[in-house]
>>> print(open('work_0.txt').read())   # compact mmCIF, N, CA and C atoms
# COMPACT_ATOMS: atom_id res chain seq x y z
N MET C 1 46.81 112.32 206.63
CA MET C 1 47.87 113.23 207.01
C MET C 1 49.16 112.74 206.36
N SER C 2 49.86 113.67 205.77
CA SER C 2 51.07 113.31 205.04
C SER C 2 52.22 113.03 206.01
N PRO C 3 53.21 112.27 205.54
CA PRO C 3 54.37 112.00 206.40
C PRO C 3 55.10 113.27 206.82
N GLY C 4 55.12 114.26 205.94
CA GLY C 4 55.77 115.52 206.29
C GLY C 4 55.05 116.23 207.44
N SER C 5 53.74 116.19 207.41
CA SER C 5 52.95 116.82 208.48
C SER C 5 53.20 116.11 209.81
N ARG C 6 53.22 114.80 209.76
CA ARG C 6 53.49 114.04 210.99
C ARG C 6 54.88 114.34 211.54
N ARG C 7 55.84 114.49 210.64
CA ARG C 7 57.21 114.78 211.07
C ARG C 7 57.29 116.16 211.72
N VAL C 8 56.60 117.15 211.14
CA VAL C 8 56.59 118.50 211.72
C VAL C 8 55.96 118.48 213.10
N ILE C 9 54.86 117.76 213.26
CA ILE C 9 54.21 117.66 214.57
C ILE C 9 55.13 116.97 215.57
N ALA C 10 55.78 115.90 215.16
CA ALA C 10 56.68 115.18 216.07
C ALA C 10 57.87 116.05 216.46
N TRP C 11 58.46 116.74 215.50
CA TRP C 11 59.63 117.55 215.79
C TRP C 11 59.28 118.81 216.59
N SER C 12 58.03 119.25 216.49
CA SER C 12 57.64 120.46 217.21
C SER C 12 57.59 120.24 218.72
N THR C 13 57.64 119.02 219.16
CA THR C 13 57.62 118.73 220.59
C THR C 13 59.02 118.81 221.21
N THR C 14 60.06 118.90 220.41
CA THR C 14 61.41 118.89 220.98
C THR C 14 61.73 120.16 221.74
N ILE C 15 61.32 121.32 221.25
CA ILE C 15 61.63 122.57 221.94
C ILE C 15 60.91 122.64 223.29
N PRO C 16 59.58 122.41 223.36
CA PRO C 16 58.95 122.41 224.68
C PRO C 16 59.50 121.32 225.60
N GLY C 17 59.84 120.17 225.05
CA GLY C 17 60.41 119.10 225.86
C GLY C 17 61.76 119.48 226.45
N ASN C 18 62.60 120.11 225.66
CA ASN C 18 63.91 120.55 226.17
C ASN C 18 63.75 121.65 227.21
N LEU C 19 62.82 122.57 226.98
CA LEU C 19 62.59 123.62 227.98
C LEU C 19 62.07 123.03 229.28
N LEU C 20 61.16 122.08 229.17
CA LEU C 20 60.63 121.44 230.37
C LEU C 20 61.72 120.67 231.11
N ALA C 21 62.57 119.98 230.37
CA ALA C 21 63.66 119.24 231.00
C ALA C 21 64.61 120.19 231.72
N ALA C 22 64.92 121.31 231.10
CA ALA C 22 65.82 122.27 231.73
C ALA C 22 65.21 122.83 233.02
N LEU C 23 63.93 123.15 232.98
CA LEU C 23 63.27 123.65 234.17
C LEU C 23 63.21 122.60 235.27
N LEU C 24 62.92 121.37 234.89
CA LEU C 24 62.88 120.29 235.88
C LEU C 24 64.23 120.09 236.55
N VAL C 25 65.28 120.08 235.75
CA VAL C 25 66.62 119.88 236.32
C VAL C 25 66.98 121.04 237.23
N GLU C 26 66.73 122.27 236.78
CA GLU C 26 67.14 123.44 237.56
C GLU C 26 66.33 123.62 238.83
N ARG C 27 65.03 123.36 238.74
CA ARG C 27 64.15 123.68 239.88
C ARG C 27 63.84 122.47 240.77
N VAL C 28 63.97 121.25 240.25
CA VAL C 28 63.59 120.07 241.04
C VAL C 28 64.80 119.19 241.34
N PHE C 29 65.49 118.72 240.31
CA PHE C 29 66.51 117.70 240.51
C PHE C 29 67.81 118.25 241.09
N ASP C 30 68.24 119.44 240.67
CA ASP C 30 69.45 120.01 241.27
C ASP C 30 69.28 120.28 242.77
N PRO C 31 68.16 120.88 243.20
CA PRO C 31 67.99 121.05 244.66
C PRO C 31 67.93 119.71 245.41
N LEU C 32 67.38 118.68 244.79
CA LEU C 32 67.34 117.37 245.45
C LEU C 32 68.74 116.80 245.67
N MET C 33 69.64 117.07 244.71
CA MET C 33 70.98 116.50 244.77
C MET C 33 72.01 117.47 245.34
N ALA C 34 71.57 118.57 245.90
CA ALA C 34 72.50 119.51 246.54
C ALA C 34 73.06 118.87 247.81
N PRO C 35 74.24 119.30 248.26
CA PRO C 35 74.81 118.72 249.48
C PRO C 35 73.89 118.82 250.70
N SER C 36 73.03 119.81 250.73
CA SER C 36 72.08 119.94 251.85
C SER C 36 70.66 119.56 251.43
N GLY C 37 70.52 118.91 250.27
CA GLY C 37 69.20 118.56 249.74
C GLY C 37 68.61 117.33 250.40
N PRO C 38 67.35 117.04 250.07
CA PRO C 38 66.65 115.90 250.67
C PRO C 38 67.27 114.53 250.37
N LEU C 39 67.96 114.40 249.25
CA LEU C 39 68.55 113.10 248.90
C LEU C 39 70.00 112.98 249.34
N ALA C 40 70.49 113.94 250.12
CA ALA C 40 71.92 113.96 250.51
C ALA C 40 72.31 112.72 251.31
N GLY C 41 71.48 112.26 252.22
CA GLY C 41 71.85 111.14 253.07
C GLY C 41 71.34 109.80 252.59
N THR C 42 70.82 109.72 251.40
CA THR C 42 70.24 108.48 250.90
C THR C 42 71.24 107.70 250.05
N ALA C 43 70.86 106.48 249.70
CA ALA C 43 71.70 105.65 248.84
C ALA C 43 71.84 106.28 247.45
N LEU C 44 70.78 106.92 246.98
CA LEU C 44 70.85 107.58 245.67
C LEU C 44 71.84 108.73 245.71
N GLY C 45 71.84 109.48 246.80
CA GLY C 45 72.82 110.56 246.96
C GLY C 45 74.24 110.03 247.00
N ASN C 46 74.43 108.88 247.62
CA ASN C 46 75.77 108.27 247.66
C ASN C 46 76.18 107.70 246.31
N LEU C 47 75.21 107.16 245.57
CA LEU C 47 75.51 106.58 244.27
C LEU C 47 75.93 107.64 243.26
N LEU C 48 75.16 108.72 243.18
CA LEU C 48 75.44 109.77 242.19
C LEU C 48 76.38 110.84 242.72
N THR C 49 76.68 110.80 243.97
CA THR C 49 77.39 111.86 244.70
C THR C 49 76.55 113.13 244.68
N LEU C 50 76.99 114.14 245.36
CA LEU C 50 76.20 115.36 245.50
C LEU C 50 76.97 116.52 244.94
N GLY C 51 76.24 117.58 244.59
CA GLY C 51 76.90 118.79 244.13
C GLY C 51 76.26 119.31 242.86
N GLN C 52 76.92 120.30 242.29
CA GLN C 52 76.40 120.97 241.11
C GLN C 52 76.40 120.04 239.91
N GLY C 53 75.30 120.01 239.18
CA GLY C 53 75.19 119.19 237.98
C GLY C 53 74.73 117.77 238.22
N ARG C 54 74.61 117.35 239.47
CA ARG C 54 74.20 115.98 239.76
C ARG C 54 72.71 115.77 239.51
N GLY C 55 71.94 116.86 239.51
CA GLY C 55 70.52 116.75 239.20
C GLY C 55 70.29 116.31 237.76
N THR C 56 71.20 116.69 236.88
CA THR C 56 71.11 116.26 235.49
C THR C 56 71.28 114.75 235.40
N GLY C 57 72.21 114.21 236.16
CA GLY C 57 72.40 112.76 236.17
C GLY C 57 71.18 112.04 236.69
N LEU C 58 70.56 112.59 237.73
CA LEU C 58 69.34 112.00 238.26
C LEU C 58 68.22 112.05 237.23
N TYR C 59 68.12 113.18 236.53
CA TYR C 59 67.11 113.31 235.48
C TYR C 59 67.32 112.25 234.40
N PHE C 60 68.55 112.08 233.95
CA PHE C 60 68.83 111.08 232.90
C PHE C 60 68.55 109.67 233.39
N MET C 61 68.83 109.39 234.65
CA MET C 61 68.53 108.07 235.19
C MET C 61 67.02 107.81 235.21
N ILE C 62 66.25 108.81 235.60
CA ILE C 62 64.79 108.65 235.64
C ILE C 62 64.22 108.48 234.24
N VAL C 63 64.68 109.31 233.30
CA VAL C 63 64.18 109.20 231.92
C VAL C 63 64.59 107.85 231.32
N GLY C 64 65.79 107.39 231.58
CA GLY C 64 66.23 106.09 231.08
C GLY C 64 65.41 104.95 231.66
N ALA C 65 65.13 105.01 232.96
CA ALA C 65 64.32 103.97 233.58
C ALA C 65 62.90 103.97 233.01
N LEU C 66 62.34 105.15 232.79
CA LEU C 66 60.99 105.22 232.19
C LEU C 66 60.98 104.68 230.76
N THR C 67 62.06 104.92 230.03
CA THR C 67 62.16 104.39 228.66
C THR C 67 62.20 102.87 228.67
N VAL C 68 62.99 102.30 229.57
CA VAL C 68 63.07 100.83 229.67
C VAL C 68 61.73 100.25 230.11
N LEU C 69 61.09 100.86 231.09
CA LEU C 69 59.78 100.37 231.55
C LEU C 69 58.73 100.45 230.44
N THR C 70 58.76 101.51 229.65
CA THR C 70 57.82 101.63 228.54
C THR C 70 58.07 100.55 227.50
N ALA C 71 59.32 100.30 227.17
CA ALA C 71 59.65 99.26 226.19
C ALA C 71 59.21 97.89 226.68
N VAL C 72 59.45 97.58 227.95
CA VAL C 72 59.03 96.29 228.51
C VAL C 72 57.51 96.18 228.52
N ALA C 73 56.83 97.26 228.89
CA ALA C 73 55.36 97.23 228.94
C ALA C 73 54.78 96.97 227.55
N PHE C 74 55.32 97.63 226.53
CA PHE C 74 54.80 97.39 225.18
C PHE C 74 55.20 96.02 224.65
N TYR C 75 56.35 95.51 225.08
CA TYR C 75 56.74 94.17 224.66
C TYR C 75 55.78 93.11 225.22
N LEU C 76 55.23 93.37 226.37
CA LEU C 76 54.31 92.41 227.00
C LEU C 76 52.93 92.41 226.37
N ILE C 77 52.63 93.35 225.49
CA ILE C 77 51.34 93.38 224.79
C ILE C 77 51.53 92.63 223.46
N PRO C 78 50.87 91.48 223.29
CA PRO C 78 51.10 90.67 222.08
C PRO C 78 50.76 91.41 220.79
N GLN C 79 49.73 92.23 220.78
CA GLN C 79 49.36 92.95 219.56
C GLN C 79 50.46 93.92 219.13
N VAL C 80 51.15 94.49 220.05
CA VAL C 80 52.24 95.40 219.71
C VAL C 80 53.47 94.60 219.31
N ARG C 81 53.76 93.54 220.03
CA ARG C 81 54.94 92.73 219.75
C ARG C 81 54.87 92.09 218.36
N HIS C 82 53.67 91.72 217.91
CA HIS C 82 53.52 91.04 216.63
C HIS C 82 52.90 91.95 215.57
N VAL C 83 53.08 93.24 215.68
CA VAL C 83 52.43 94.19 214.78
C VAL C 83 52.85 93.96 213.32
N GLU C 84 54.07 93.55 213.08
CA GLU C 84 54.53 93.33 211.70
C GLU C 84 53.77 92.19 211.04
N ALA C 85 53.41 91.17 211.80
CA ALA C 85 52.69 90.03 211.24
C ALA C 85 51.19 90.30 211.17
N LEU C 86 50.67 91.15 212.06
CA LEU C 86 49.22 91.39 212.13
C LEU C 86 48.73 92.38 211.08
N ILE C 87 49.57 93.35 210.71
CA ILE C 87 49.15 94.36 209.73
C ILE C 87 49.66 93.93 208.36
N PRO C 88 48.74 93.80 207.40
CA PRO C 88 49.19 93.38 206.06
C PRO C 88 50.00 94.50 205.38
N ASP C 89 50.87 94.08 204.48
CA ASP C 89 51.66 95.06 203.74
C ASP C 89 50.76 95.86 202.81
N ALA C 90 51.11 97.10 202.62
CA ALA C 90 50.31 97.98 201.75
C ALA C 90 50.62 97.70 200.31
>>> encode(input="work_0.txt", output="structure tokens")
Amino acid sequence: MSPGSRRVIAWSTTIPGNLLAALLVERVFDPLMAPSGPLAGTALGNLLTLGQGRGTGLYFMIVGALTVLTAVAFYLIPQVRHVEALIPDA
């Protein structure tokens, strides 16, 4: 598979990903962070405050935490951490 084909496949995931993120924020995270939502009386509600647009902040916090956890998980795998030394140059 050519590099161009791989790039097209990788970039083709951005539109569905953005649509999914928008739906998640609008239908899940914004209602959670509403003043009368389930997270209103929790520490997370106090940290991010409540109201319109706060679901987006919660979404970004969750995505950021998942990114950090993924990076740490892959760092703990020696084959991934030392991939430059394990794979010979072409």
>>> closest_residue(input="work_0.txt", among="C:Gln52, C:Asn18, C:Thr70, C:Ser2", to="Pro35 (chain C)", atoms="only N, CA and C atoms")
C:Gln52
>>> axis_aligned_box(input="work_0.txt", around="region 51-55 of chain C", padding_each_side="6 Å", output="lines of an AutoDock Vina configuration file")
center_x = 73.6
center_y = 118.4
center_z = 241.2
size_x = 18.6
size_y = 17.2
size_z = 18.8
>>> select_by_dssp(input="work_0.txt", residues="region 4-88 of chain C", states="helix (DSSP H, G or I)", output="PyMOL selection string")
chain C and resi 4-11+14-32+43-48+54-75+78-81+83-86
>>> closest_residue(input="work_0.txt", among="C:Gly4, C:Gly64, C:Gly41, C:Gly55", to="Arg27 (chain C)", atoms="only C-alpha atoms")
C:Gly55
>>> closest_residue(input="work_0.txt", among="C:Val83, C:Gly57, C:Ala71, C:Val63", to="Val25 (chain C)", atoms="all atoms listed in the file")
C:Gly57
>>> atom_distance(input="work_0.txt", atom1="CA of Leu50 (chain C)", atom2="CA of Val28 (chain C)")
14.2 Å
>>> closest_residue(input="work_0.txt", among="C:His82, C:Ala65, C:Ile77, C:Leu58", to="Asp30 (chain C)", atoms="only N, CA and C atoms")
C:Leu58
>>> closest_residue(input="work_0.txt", among="C:Leu39, C:Met33, C:Ala73, C:Leu23", to="Arg54 (chain C)", atoms="all atoms listed in the file")
C:Met33
>>> atom_distance(input="work_0.txt", atom1="CA of Ile9 (chain C)", atom2="CA of Val80 (chain C)")
22.9 Å
>>> atom_distance(input="work_0.txt", atom1="CA of Ala10 (chain C)", atom2="CA of Thr67 (chain C)")
17.5 Å
